[in-house]
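As provided, final16.cif (mmCIF, C-alpha atoms and all ligand atoms) reads as follows.
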data_run
#
loop_
_atom_site.label_atom_id
_atom_site.label_comp_id
_atom_site.auth_asym_id
_atom_site.auth_seq_id
_atom_site.Cartn_x
_atom_site.Cartn_y
_atom_site.Cartn_z
CA MET A 51 90.13 147.88 85.88
CA THR A 52 93.14 145.57 86.08
CA ALA A 53 96.31 146.78 84.37
CA ILE A 54 99.09 145.01 82.51
CA MET A 55 101.47 143.72 85.11
CA GLU A 56 105.12 144.62 84.69
CA SER A 57 106.76 142.91 87.64
CA ALA A 58 110.22 141.63 88.39
CA GLU A 59 108.74 138.42 89.76
CA ALA A 60 106.83 137.74 86.53
CA LEU A 61 109.99 138.33 84.48
CA THR A 62 111.95 135.95 86.69
CA LEU A 63 109.28 133.28 86.32
CA LEU A 64 109.15 133.67 82.54
CA ASN A 65 112.94 133.51 82.33
CA GLU A 66 112.99 130.37 84.46
CA LEU A 67 110.68 128.73 81.93
CA THR A 68 113.44 129.00 79.34
CA ARG A 69 115.97 127.19 81.58
CA GLN A 70 116.48 123.57 82.55
CA ALA A 71 114.63 123.61 85.90
CA GLY A 72 111.69 125.52 84.48
CA ARG A 73 111.49 123.17 81.54
CA GLU A 74 111.56 120.16 83.80
CA ASP A 75 108.51 121.40 85.70
CA PRO A 76 106.92 124.59 84.40
CA TYR A 77 103.65 124.03 86.25
CA PRO A 78 104.45 125.70 89.62
CA ARG A 79 105.70 128.75 87.67
CA TYR A 80 102.54 128.80 85.59
CA ARG A 81 100.50 128.70 88.81
CA ARG A 82 102.30 131.71 90.21
CA LEU A 83 101.97 133.62 86.93
CA ARG A 84 98.22 132.92 86.86
CA GLU A 85 97.95 134.18 90.42
CA LEU A 86 100.04 137.30 89.81
CA SER A 87 97.96 138.81 87.04
CA PRO A 88 95.90 137.80 84.01
CA LEU A 89 98.26 139.73 81.75
CA VAL A 90 101.98 140.15 82.28
CA ARG A 91 104.59 141.76 80.08
CA ALA A 92 107.56 139.59 79.09
CA GLU A 93 111.11 140.82 78.61
CA ASP A 94 110.75 140.86 74.80
CA GLY A 95 107.66 143.09 75.13
CA ALA A 96 105.02 140.43 74.41
CA LEU A 97 101.95 140.17 76.65
CA VAL A 98 101.47 136.79 78.31
CA VAL A 99 98.15 135.18 79.30
CA THR A 100 98.02 132.04 81.43
CA ARG A 101 94.37 131.58 82.42
CA HIS A 102 92.14 129.10 80.60
CA ALA A 103 89.45 131.60 79.60
CA ASP A 104 92.01 134.14 78.36
CA CYS A 105 94.00 131.55 76.38
CA ALA A 106 90.76 130.35 74.76
CA ALA A 107 89.82 133.96 73.96
CA VAL A 108 93.21 134.54 72.29
CA THR A 109 92.64 131.60 69.94
CA ARG A 110 89.07 132.65 69.08
CA ASP A 111 89.02 136.44 68.93
CA PRO A 112 88.95 137.48 65.25
CA ARG A 113 90.64 140.78 66.18
CA LEU A 114 93.77 138.76 66.96
CA GLY A 115 95.76 137.07 64.23
CA HIS A 116 99.22 136.40 62.92
CA MET A 117 101.77 139.02 62.00
CA PRO A 118 101.28 140.41 58.51
CA PRO A 119 104.43 140.12 56.35
CA HIS A 120 105.69 143.66 57.16
CA MET A 121 105.65 142.88 60.91
CA LEU A 122 107.67 139.71 60.40
CA GLU A 123 110.66 142.00 59.92
CA PHE A 124 110.51 142.27 63.70
CA ILE A 125 111.29 138.56 64.01
CA SER A 126 113.98 138.47 61.37
CA PRO A 127 114.84 141.37 59.03
CA ASN A 128 115.42 139.13 56.00
CA TRP A 129 112.90 136.44 56.79
CA GLU A 130 111.96 135.87 53.16
CA ASN A 131 115.54 134.90 52.33
CA HIS A 132 115.48 132.08 54.89
CA VAL A 133 113.75 128.98 53.61
CA ALA A 134 113.03 127.81 57.19
CA LEU A 135 111.16 131.02 58.00
CA ARG A 136 109.46 131.29 54.61
CA GLN A 137 108.21 127.73 54.91
CA LEU A 138 106.71 128.52 58.33
CA PHE A 139 105.42 132.05 57.77
CA THR A 140 103.67 131.26 54.49
CA SER A 141 101.99 128.11 55.87
CA ILE A 142 98.37 127.93 57.05
CA LEU A 143 99.63 127.80 60.62
CA THR A 144 100.69 131.45 60.48
CA ILE A 145 98.82 133.21 57.67
CA ASN A 146 95.60 135.20 57.94
CA PRO A 147 92.28 135.27 56.09
CA PRO A 148 91.46 135.38 53.25
CA ASP A 149 94.47 133.23 52.23
CA HIS A 150 94.10 131.11 55.35
CA THR A 151 90.43 130.48 54.62
CA ARG A 152 91.17 129.39 51.04
CA LEU A 153 94.06 127.07 51.94
CA ARG A 154 92.25 125.60 54.95
CA ARG A 155 89.23 124.81 52.79
CA LEU A 156 91.40 123.21 50.15
CA VAL A 157 93.30 120.99 52.56
CA SER A 158 90.17 120.11 54.54
CA SER A 159 88.57 118.76 51.39
CA SER A 160 91.51 116.33 51.02
CA PHE A 161 92.36 115.63 54.67
CA THR A 162 88.88 114.44 55.55
CA ALA A 163 87.50 112.70 58.66
CA ARG A 164 86.78 109.71 56.40
CA ARG A 165 90.41 109.50 55.31
CA VAL A 166 91.48 109.59 58.98
CA GLN A 167 88.92 107.03 60.18
CA ALA A 168 89.88 104.72 57.33
CA LEU A 169 93.35 104.54 58.85
CA GLN A 170 92.11 102.97 62.09
CA PRO A 171 92.86 99.29 61.22
CA ARG A 172 96.21 100.23 59.73
CA ILE A 173 97.20 102.18 62.86
CA ALA A 174 96.23 99.21 65.06
CA GLU A 175 98.40 96.97 62.85
CA MET A 176 101.38 99.34 63.06
CA VAL A 177 100.99 99.58 66.85
CA ASP A 178 101.05 95.77 67.13
CA GLU A 179 104.10 95.48 64.89
CA LEU A 180 106.01 98.03 66.98
CA LEU A 181 104.98 96.41 70.28
CA ASP A 182 106.05 93.00 68.93
CA ARG A 183 109.56 94.35 68.48
CA MET A 184 109.86 95.85 71.98
CA THR A 185 111.62 93.64 74.55
CA GLY A 186 113.67 94.33 77.69
CA ASP A 187 115.09 97.83 77.96
CA VAL A 188 114.26 100.12 75.04
CA ASP A 189 114.18 103.80 74.24
CA PHE A 190 110.46 104.44 73.91
CA VAL A 191 111.07 107.37 71.53
CA GLU A 192 113.07 105.28 69.06
CA ALA A 193 111.02 102.12 69.48
CA PHE A 194 107.53 103.57 69.38
CA ALA A 195 106.79 107.26 69.89
CA PHE A 196 108.63 108.40 66.75
CA PRO A 197 108.02 105.48 64.34
CA LEU A 198 104.26 105.27 64.92
CA PRO A 199 103.28 108.86 64.03
CA VAL A 200 105.91 109.23 61.28
CA ASN A 201 104.66 106.07 59.60
CA VAL A 202 101.00 107.03 59.99
CA ILE A 203 101.45 110.51 58.50
CA GLY A 204 103.97 109.11 56.00
CA GLU A 205 101.42 106.59 54.79
CA LEU A 206 98.66 109.18 54.70
CA LEU A 207 100.75 111.57 52.62
CA GLY A 208 102.27 108.81 50.51
CA ILE A 209 105.91 109.10 51.57
CA PRO A 210 107.68 105.79 50.90
CA GLU A 211 108.64 103.97 54.09
CA PRO A 212 112.43 103.84 53.63
CA ASP A 213 112.50 107.63 53.20
CA ARG A 214 110.74 108.44 56.49
CA PRO A 215 113.40 108.06 59.23
CA GLN A 216 115.59 110.90 57.88
CA PHE A 217 112.81 113.36 58.71
CA GLN A 218 113.18 112.94 62.48
CA GLY A 219 116.38 115.01 62.50
CA LEU A 220 115.35 117.28 59.63
CA VAL A 221 112.07 118.32 61.27
CA ARG A 222 113.71 118.79 64.65
CA ASP A 223 116.25 121.10 62.99
CA TRP A 224 113.62 123.00 61.01
CA THR A 225 111.47 123.56 64.12
CA LEU A 226 114.35 125.11 66.07
CA ILE A 227 112.94 128.43 64.83
CA LEU A 228 109.73 127.92 66.82
CA GLU A 229 111.68 128.82 69.96
CA SER A 230 113.46 131.93 68.85
CA VAL A 231 115.04 133.06 65.64
CA ARG A 232 118.78 133.22 66.21
CA ALA A 233 121.39 133.34 63.47
CA GLU A 234 123.02 130.12 64.72
CA ASP A 235 119.66 128.30 64.65
CA LEU A 236 118.93 129.51 61.12
CA LYS A 237 122.21 127.96 59.96
CA ILE A 238 120.79 124.60 61.02
CA ALA A 239 117.10 125.22 60.24
CA ASP A 240 117.55 126.55 56.67
CA PRO A 241 119.31 123.55 55.13
CA ALA A 242 116.89 121.21 56.95
CA ALA A 243 113.84 123.08 55.60
CA ALA A 244 115.41 123.11 52.12
CA ALA A 245 116.05 119.36 52.24
CA ILE A 246 112.43 118.70 53.26
CA ARG A 247 111.21 120.94 50.46
CA ASP A 248 113.45 119.38 47.79
CA TYR A 249 112.36 115.92 48.81
CA LEU A 250 108.67 116.86 48.64
CA ALA A 251 109.17 118.60 45.27
CA GLY A 252 110.51 115.34 43.84
CA LEU A 253 107.64 113.32 45.31
CA THR A 254 105.01 115.80 44.11
CA ALA A 255 106.42 115.70 40.58
CA GLU A 256 106.06 111.91 40.61
CA ARG A 257 102.46 112.11 41.85
CA ARG A 258 101.58 114.65 39.17
CA LYS A 259 102.66 112.13 36.56
CA LYS A 260 101.17 109.13 38.30
CA PRO A 261 98.59 109.89 41.02
CA ALA A 262 98.21 107.44 43.91
CA ASP A 263 95.61 107.03 46.66
CA ASP A 264 97.34 109.39 49.06
CA LEU A 265 97.07 112.91 50.44
CA ILE A 266 99.81 114.39 48.23
CA SER A 267 97.94 113.22 45.13
CA ALA A 268 94.69 114.55 46.60
CA LEU A 269 96.33 117.93 47.23
CA VAL A 270 97.70 117.96 43.68
CA ALA A 271 94.16 117.40 42.44
CA ALA A 272 92.45 119.64 44.98
CA GLU A 273 90.43 122.34 43.32
CA GLU A 274 88.24 124.94 44.79
CA ASP A 275 86.25 127.20 42.51
CA GLY A 276 88.57 126.03 39.78
CA GLU A 277 91.60 127.32 41.69
CA LYS A 278 94.40 124.90 42.46
CA LEU A 279 97.11 125.20 45.07
CA THR A 280 100.20 126.77 43.59
CA GLU A 281 103.30 124.58 43.55
CA ASP A 282 104.77 126.70 46.33
CA GLU A 283 101.64 126.43 48.49
CA LEU A 284 101.45 122.70 47.90
CA LEU A 285 105.05 122.10 49.04
CA THR A 286 104.59 124.32 52.10
CA MET A 287 101.38 122.52 53.01
CA ALA A 288 102.92 119.07 52.60
CA ALA A 289 105.95 120.08 54.70
CA LEU A 290 103.73 121.45 57.47
CA LEU A 291 101.41 118.43 57.48
CA PHE A 292 104.32 116.03 57.59
CA ALA A 293 106.18 117.89 60.36
CA ALA A 294 103.10 118.65 62.47
CA GLY A 295 101.88 115.11 61.86
CA PHE A 296 104.62 113.43 63.83
CA GLU A 297 106.56 115.96 65.88
CA THR A 298 103.64 116.76 68.18
CA THR A 299 102.13 113.26 68.34
CA THR A 300 105.53 111.78 69.25
CA ASN A 301 105.59 114.14 72.21
CA LEU A 302 102.00 113.35 73.18
CA LEU A 303 102.97 109.67 73.38
CA THR A 304 106.13 110.29 75.42
CA ASN A 305 104.49 112.81 77.77
CA SER A 306 101.60 110.40 78.30
CA VAL A 307 103.84 107.45 79.11
CA VAL A 308 105.85 109.54 81.59
CA ALA A 309 102.62 110.78 83.24
CA LEU A 310 101.23 107.23 83.47
CA LEU A 311 104.46 105.80 84.89
CA ARG A 312 104.47 108.53 87.52
CA HIS A 313 100.84 107.71 88.40
CA PRO A 314 100.69 103.90 88.67
CA ASP A 315 97.08 104.01 89.90
CA GLN A 316 96.04 105.75 86.66
CA LEU A 317 98.10 103.34 84.57
CA ALA A 318 96.34 100.42 86.31
CA LEU A 319 93.00 102.08 85.65
CA LEU A 320 93.67 102.36 81.91
CA ARG A 321 94.75 98.69 81.87
CA ALA A 322 91.59 97.61 83.66
CA ALA A 323 89.22 99.80 81.67
CA PRO A 324 90.23 100.27 78.03
CA GLY A 325 86.83 101.93 77.56
CA LEU A 326 88.42 104.95 79.21
CA ARG A 327 90.62 105.50 76.15
CA ALA A 328 88.87 108.66 74.96
CA SER A 329 88.69 110.44 78.33
CA ALA A 330 92.21 109.22 79.15
CA VAL A 331 93.68 110.82 76.03
CA GLU A 332 91.84 114.13 76.68
CA GLU A 333 93.24 114.14 80.21
CA LEU A 334 96.77 113.31 79.08
CA LEU A 335 96.53 116.10 76.50
CA ARG A 336 95.48 118.47 79.28
CA TYR A 337 97.96 117.28 81.88
CA ASP A 338 101.18 117.74 79.89
CA THR A 339 100.49 119.15 76.45
CA PRO A 340 103.09 118.90 73.65
CA VAL A 341 102.36 122.43 72.39
CA GLN A 342 102.80 124.74 75.34
CA LEU A 343 102.14 128.11 73.76
CA LEU A 344 100.92 130.01 70.75
CA ALA A 345 101.45 133.58 69.61
CA ARG A 346 99.24 136.24 68.06
CA VAL A 347 99.20 139.96 67.40
CA ALA A 348 96.29 142.36 68.13
CA TRP A 349 94.94 143.89 64.90
CA ASP A 350 93.00 146.46 66.83
CA ASP A 351 92.61 147.95 70.30
CA ILE A 352 90.95 145.23 72.35
CA ASP A 353 90.10 144.22 75.89
CA LEU A 354 91.88 141.07 76.96
CA ALA A 355 91.37 139.62 80.43
CA GLY A 356 89.53 142.84 81.26
CA VAL A 357 92.61 144.91 80.36
CA PRO A 358 92.82 147.38 77.44
CA VAL A 359 95.41 146.20 74.93
CA ALA A 360 96.55 148.41 72.06
CA GLY A 361 96.52 147.30 68.43
CA GLY A 362 99.96 146.01 67.40
CA GLU A 363 100.70 144.35 70.77
CA ARG A 364 102.10 140.81 70.55
CA ILE A 365 100.36 138.24 72.73
CA VAL A 366 101.48 134.80 73.87
CA ALA A 367 98.95 132.31 75.29
CA TYR A 368 100.43 129.63 77.53
CA LEU A 369 98.17 126.69 76.74
CA GLY A 370 100.04 124.52 79.24
CA ALA A 371 99.18 127.01 81.98
CA GLY A 372 95.54 127.37 80.95
CA ASN A 373 95.25 123.58 81.05
CA ARG A 374 96.02 123.70 84.78
CA ASP A 375 93.74 126.61 85.70
CA PRO A 376 91.75 125.83 88.88
CA GLU A 377 89.04 128.23 87.69
CA ARG A 378 88.30 125.74 84.91
CA PHE A 379 89.41 122.34 86.28
CA VAL A 380 88.78 120.75 89.65
CA GLU A 381 92.14 119.81 91.21
CA PRO A 382 93.98 120.72 88.00
CA ASP A 383 97.32 119.24 89.08
CA ARG A 384 95.78 115.79 89.55
CA LEU A 385 95.94 113.32 86.65
CA ASP A 386 92.46 111.83 86.50
CA LEU A 387 91.76 109.68 83.45
CA THR A 388 88.07 109.61 84.34
CA ARG A 389 87.77 113.41 84.32
CA SER A 390 84.58 114.42 82.59
CA ASP A 391 83.82 117.91 81.29
CA ASN A 392 87.40 118.17 80.09
CA ALA A 393 88.33 120.98 77.71
CA PRO A 394 92.06 121.00 77.10
CA LEU A 395 93.40 123.92 75.11
CA SER A 396 95.99 121.60 73.59
CA PHE A 397 94.80 121.81 69.97
CA GLY A 398 94.23 125.57 70.07
CA GLY A 399 90.90 126.96 68.89
CA GLY A 400 89.17 129.24 66.41
CA ILE A 401 90.16 129.28 62.73
CA HIS A 402 93.60 127.75 63.38
CA TYR A 403 92.22 124.83 65.43
CA CYS A 404 94.54 121.88 64.85
CA LEU A 405 93.75 120.20 61.56
CA GLY A 406 95.31 116.95 62.77
CA ALA A 407 93.45 116.72 66.09
CA PRO A 408 91.25 113.75 65.04
CA LEU A 409 94.33 111.88 63.78
CA ALA A 410 96.42 112.60 66.89
CA ARG A 411 93.54 111.52 69.14
CA LEU A 412 92.99 108.34 67.13
CA GLU A 413 96.66 107.36 67.28
CA ALA A 414 96.91 107.93 71.03
CA GLN A 415 93.58 106.21 71.74
CA ILE A 416 94.80 103.09 69.93
CA ALA A 417 98.44 103.18 71.05
CA LEU A 418 98.24 103.85 74.79
CA PRO A 419 95.74 101.13 75.81
CA ALA A 420 97.58 98.65 73.53
CA LEU A 421 100.92 99.51 75.14
CA VAL A 422 99.79 99.14 78.76
CA ASN A 423 97.89 95.94 78.01
CA ARG A 424 100.72 94.31 76.10
CA PHE A 425 103.21 94.79 78.93
CA PRO A 426 102.04 93.93 82.46
CA LYS A 427 105.40 95.32 83.54
CA LEU A 428 106.22 98.72 82.18
CA ASP A 429 108.62 100.99 84.03
CA PHE A 430 111.32 103.62 83.70
CA ALA A 431 114.74 102.15 82.85
CA GLY A 432 116.62 105.42 83.30
CA GLU A 433 116.13 109.19 83.35
CA PRO A 434 114.10 110.57 80.44
CA GLY A 435 116.00 113.15 78.34
CA ARG A 436 114.01 116.34 77.98
CA ARG A 437 113.74 118.08 74.62
CA ASP A 438 115.48 121.43 74.84
CA SER A 439 112.54 123.67 74.03
CA LEU A 440 109.63 125.41 75.65
CA ALA A 441 107.08 125.75 72.84
CA ILE A 442 107.21 122.04 72.01
CA ARG A 443 107.32 119.95 75.17
CA GLY A 444 108.51 116.39 75.14
CA TYR A 445 111.46 114.03 75.43
CA THR A 446 114.27 113.11 73.07
CA THR A 447 114.90 109.83 74.90
CA LEU A 448 112.72 107.81 77.26
CA PRO A 449 114.34 104.60 78.52
CA VAL A 450 111.71 102.06 79.61
CA SER A 451 111.78 98.39 80.51
CA VAL A 452 108.97 96.17 79.30
CA SER A 453 108.00 92.59 79.99
C1 LIG B 1 99.08 115.76 69.95
C2 LIG B 1 99.30 116.18 68.76
C3 LIG B 1 99.06 117.58 68.30
C4 LIG B 1 99.00 118.76 69.03
C5 LIG B 1 99.12 118.94 70.53
C6 LIG B 1 98.77 119.82 68.08
C7 LIG B 1 98.59 121.16 68.42
C8 LIG B 1 98.24 122.15 67.54
C9 LIG B 1 97.92 123.51 67.93
C10 LIG B 1 97.94 124.07 69.34
C11 LIG B 1 97.60 124.19 66.79
C12 LIG B 1 97.15 125.65 66.70
C13 LIG B 1 98.31 126.59 66.62
C14 LIG B 1 97.88 128.04 66.61
O1 LIG B 1 96.69 128.34 66.65
O2 LIG B 1 98.77 128.93 66.59
C15 LIG B 1 97.75 123.27 65.69
C16 LIG B 1 97.55 123.60 64.37
C17 LIG B 1 97.77 122.72 63.35
N1 LIG B 1 98.05 121.37 63.43
FE1 LIG B 1 98.28 120.31 65.12
N2 LIG B 1 98.73 119.30 66.82
C18 LIG B 1 98.88 117.93 66.91
C19 LIG B 1 98.89 117.01 65.89
C20 LIG B 1 98.76 117.34 64.57
C21 LIG B 1 98.77 116.40 63.48
C22 LIG B 1 98.82 114.88 63.65
C23 LIG B 1 98.66 117.12 62.33
C24 LIG B 1 98.65 116.70 60.89
C25 LIG B 1 98.41 115.56 60.45
C26 LIG B 1 98.58 118.52 62.71
C27 LIG B 1 98.46 119.56 61.81
C28 LIG B 1 98.18 120.87 62.17
C29 LIG B 1 97.99 121.94 61.21
C30 LIG B 1 98.05 121.81 59.68
C31 LIG B 1 97.72 123.09 61.95
C32 LIG B 1 97.45 124.49 61.38
C33 LIG B 1 95.97 124.69 61.22
C34 LIG B 1 95.63 126.13 60.85
O3 LIG B 1 96.39 127.03 61.16
O4 LIG B 1 94.57 126.32 60.24
N3 LIG B 1 98.64 118.61 64.06
N4 LIG B 1 98.12 122.03 66.17
#

Please re-express this file's structure in structure tokens.
Amino acid sequence: MTAIMESAEALTLLNELTRQAGREDPYPRYRRLRELSPLVRAEDGALVVTRHADCAAVTRDPRLGHMPPHMLEFISPNWENHVALRQLFTSILTINPPDHTRLRRLVSSSFTARRVQALQPRIAEMVDELLDRMTGDVDFVEAFAFPLPVNVIGELLGIPEPDRPQFQGLVRDWTLILESVRAEDLKIADPAAAAIRDYLAGLTAERRKKPADDLISALVAAEEDGEKLTEDELLTMAALLFAAGFETTTNLLTNSVVALLRHPDQLALLRAAPGLRASAVEELLRYDTPVQLLARVAWDDIDLAGVPVAGGERIVAYLGAGNRDPERFVEPDRLDLTRSDNAPLSFGGGIHYCLGAPLARLEAQIALPALVNRFPKLDFAGEPGRRDSLAIRGYTTLPVSVS
């Protein structure tokens, strides 16, 4: 039986992933980690999996879950006193059944496939408006990749348009804690999370008085077995939906544009065959996913990757590595928009499978073909600026020239 690997090489590779060069191109390091062992121990004690099958198992195995409140002390001793941590660790993203099941059911009854599909014409309109405004050299993040998703999720939730831009900085500050929980990050993340919460409290109070045709009003009204969301749960849910609704999709759009510009043959293919939009987006999600990793804890003694793992062990699944596993994908390092039988891990799996996956897919499937068709000339106009994080992968600036 294979054992947990504790090797100096694995530690070096994992450390490199937290530095500039590793962030720029984590994929060769992922390859080596996959080759070294299915399960390696990181410096902070967590167990790391990098193969596709093992990452998928981590998301689906019901014996793995999120840390119960008493274990969160490990992350930050006073986590409940930090609004940034409370707003994350009490959200559906990180809670366990039965609360997760109840909240997921409640939000699913409001955030329906019909509500998402109904947005299609509106998304196409927003895409056209943004493309109309792009000329010459522009920062693709400012001009397109941020405004599109923030306006889509803003409209869905019912956040008035003039209020939306402030959330770019606020959400970036709040999500600093996804990387690691350091005192200096909490000083930035706490006021940002509090500002998001205060804003949403004001908006929710308005919708209680005067409901509108939006998701916040639907959440206010949502009832399941006569049980409503508490005010606290409602604000946490709205904050998570809003943040997750644009932060990740912005990065999907930037990562996709960078990948296409670096593969002009694939860009030309998408231009020539817009019918490829669905397989193209799956492949772009696989090739350079915005969410690179997710974390769990073992409730029980389990076997993972054929290795016995004791209950209480923390486990990190590198989705970005699993997405390049040659055991699962033919020529995994090749961007191939026609790839069939694609199964990116990018939206996770199991009970926490991304609630916004249909919306993110829809936005990218409309936006990317429209972008490449609008501009016969689309190129880099400078070096892209990488976002300083590992868990969320993307760019803060992406200078492009269009004509
Ligand atoms: C390309 C864009 C996106 C990516 C790559 C992405 C990725 C993910 C991943 C990997 C998870 C699972 C995390 C885990 O299991 O630990 C997740 C969960 C979630 N996502 Fe997304 N997401 C995207 C867009 C969105 C959008 C647009 C929304 C909202 C409108 C959204 C809302 C959520 C929510 C609420 C959860 C938690 C679900 C639960 O725990 O039950 N996401 N997402």

Under the rule of at most 9 Å, produce a per-residue listing of stretch 148-195 of chain A near stretch 381-403 of chain A: chain, number, name, the closest pair of atoms, and the distance in Å, as a Markdown table, using only C-alpha atoms.
| residue | atom | partner | partner_atom | distance |
| --- | --- | --- | --- | --- |
| A:His150 | CA | A:Ile401 | CA | 8.6 |
| A:Thr151 | CA | A:Ile401 | CA | 8.2 |
| A:Arg154 | CA | A:His402 | CA | 8.8 |

**Near-ligand residues for ligand LIG 1 (chain B), threshold 7 Å, all atoms listed in the file, as a PyMOL selection string** = chain A and resi 109+142-144+150+154+203+290-292+294-296+298-299+302+339-341+344-345+396-399+401-407+409-410

**Asked** Quick one: of A:Ala420, A:Ala244, A:Met55, A:Ala255, who's nearest to A:Ala323, counting only C-alpha atoms?
**Response** A:Ala420

**Prompt:** Which residues, protein or nucleic acid, reach to within 9 Å of (115.8, 137.4, 64.9) in the file's coordinates when using all atoms listed in the file, and can you give that as a VMD selection string?
**Reply:** chain A and resid 123 to 127 129 230 to 233

**Sphere at (121.0, 125.7, 61.4), radius 12 Å, counting all atoms listed in the file: residues as a PyMOL selection string** = chain A and resi 132-135+219-227+231-244

**Request:** Tell me which protein, DNA and RNA residues are within 8 Å of A:Asp187, counting only C-alpha atoms, leaving out same-chain ones fewer than 3 positions away, and put them as a count of residues only.
**Result:** 5

**Fill in**
Expressed in Å, the length from atom CA of A:Arg84 to atom CA of A:Val99 is 7.9 Å

**Pick from A:Val191, A:Ala163, A:Met176, A:Leu138, whichever lies nearest to A:Thr447 using only C-alpha atoms** = A:Val191

**Message:** As an exercise, work out the distance from atom CA of A:Val98 to atom CA of A:Ile365 in Å and give it to one decimal place.
**Reply:** 5.9 Å

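If only C-alpha atoms are the atoms counted, then among A:Gly95, A:Gly435, A:Pro426, A:Pro76 the closest residue to A:Pro314 is A:Pro426.
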
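With only C-alpha atoms as the atoms that count, the residue of A:Ser141, A:Thr68, A:Ser57, A:Thr446 with the shortest distance to A:Asn305 is A:Thr446.
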
**Prompt:** Rounded to one decimal in Å, what is the spacing between atom CA of A:Leu369 and atom CA of A:Cys105?
**Reply:** 6.4 Å

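The nearest approach to A:Tyr77 among the residues A:Arg374, A:Arg436, A:His102, A:Arg443, with only C-alpha atoms taken into account, belongs to A:Arg374.
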
**Request:** Between A:Glu433, A:Glu229, A:Asp338, A:Glu205, single out the one closest to A:Leu303, counting only C-alpha atoms.
**Result:** A:Asp338
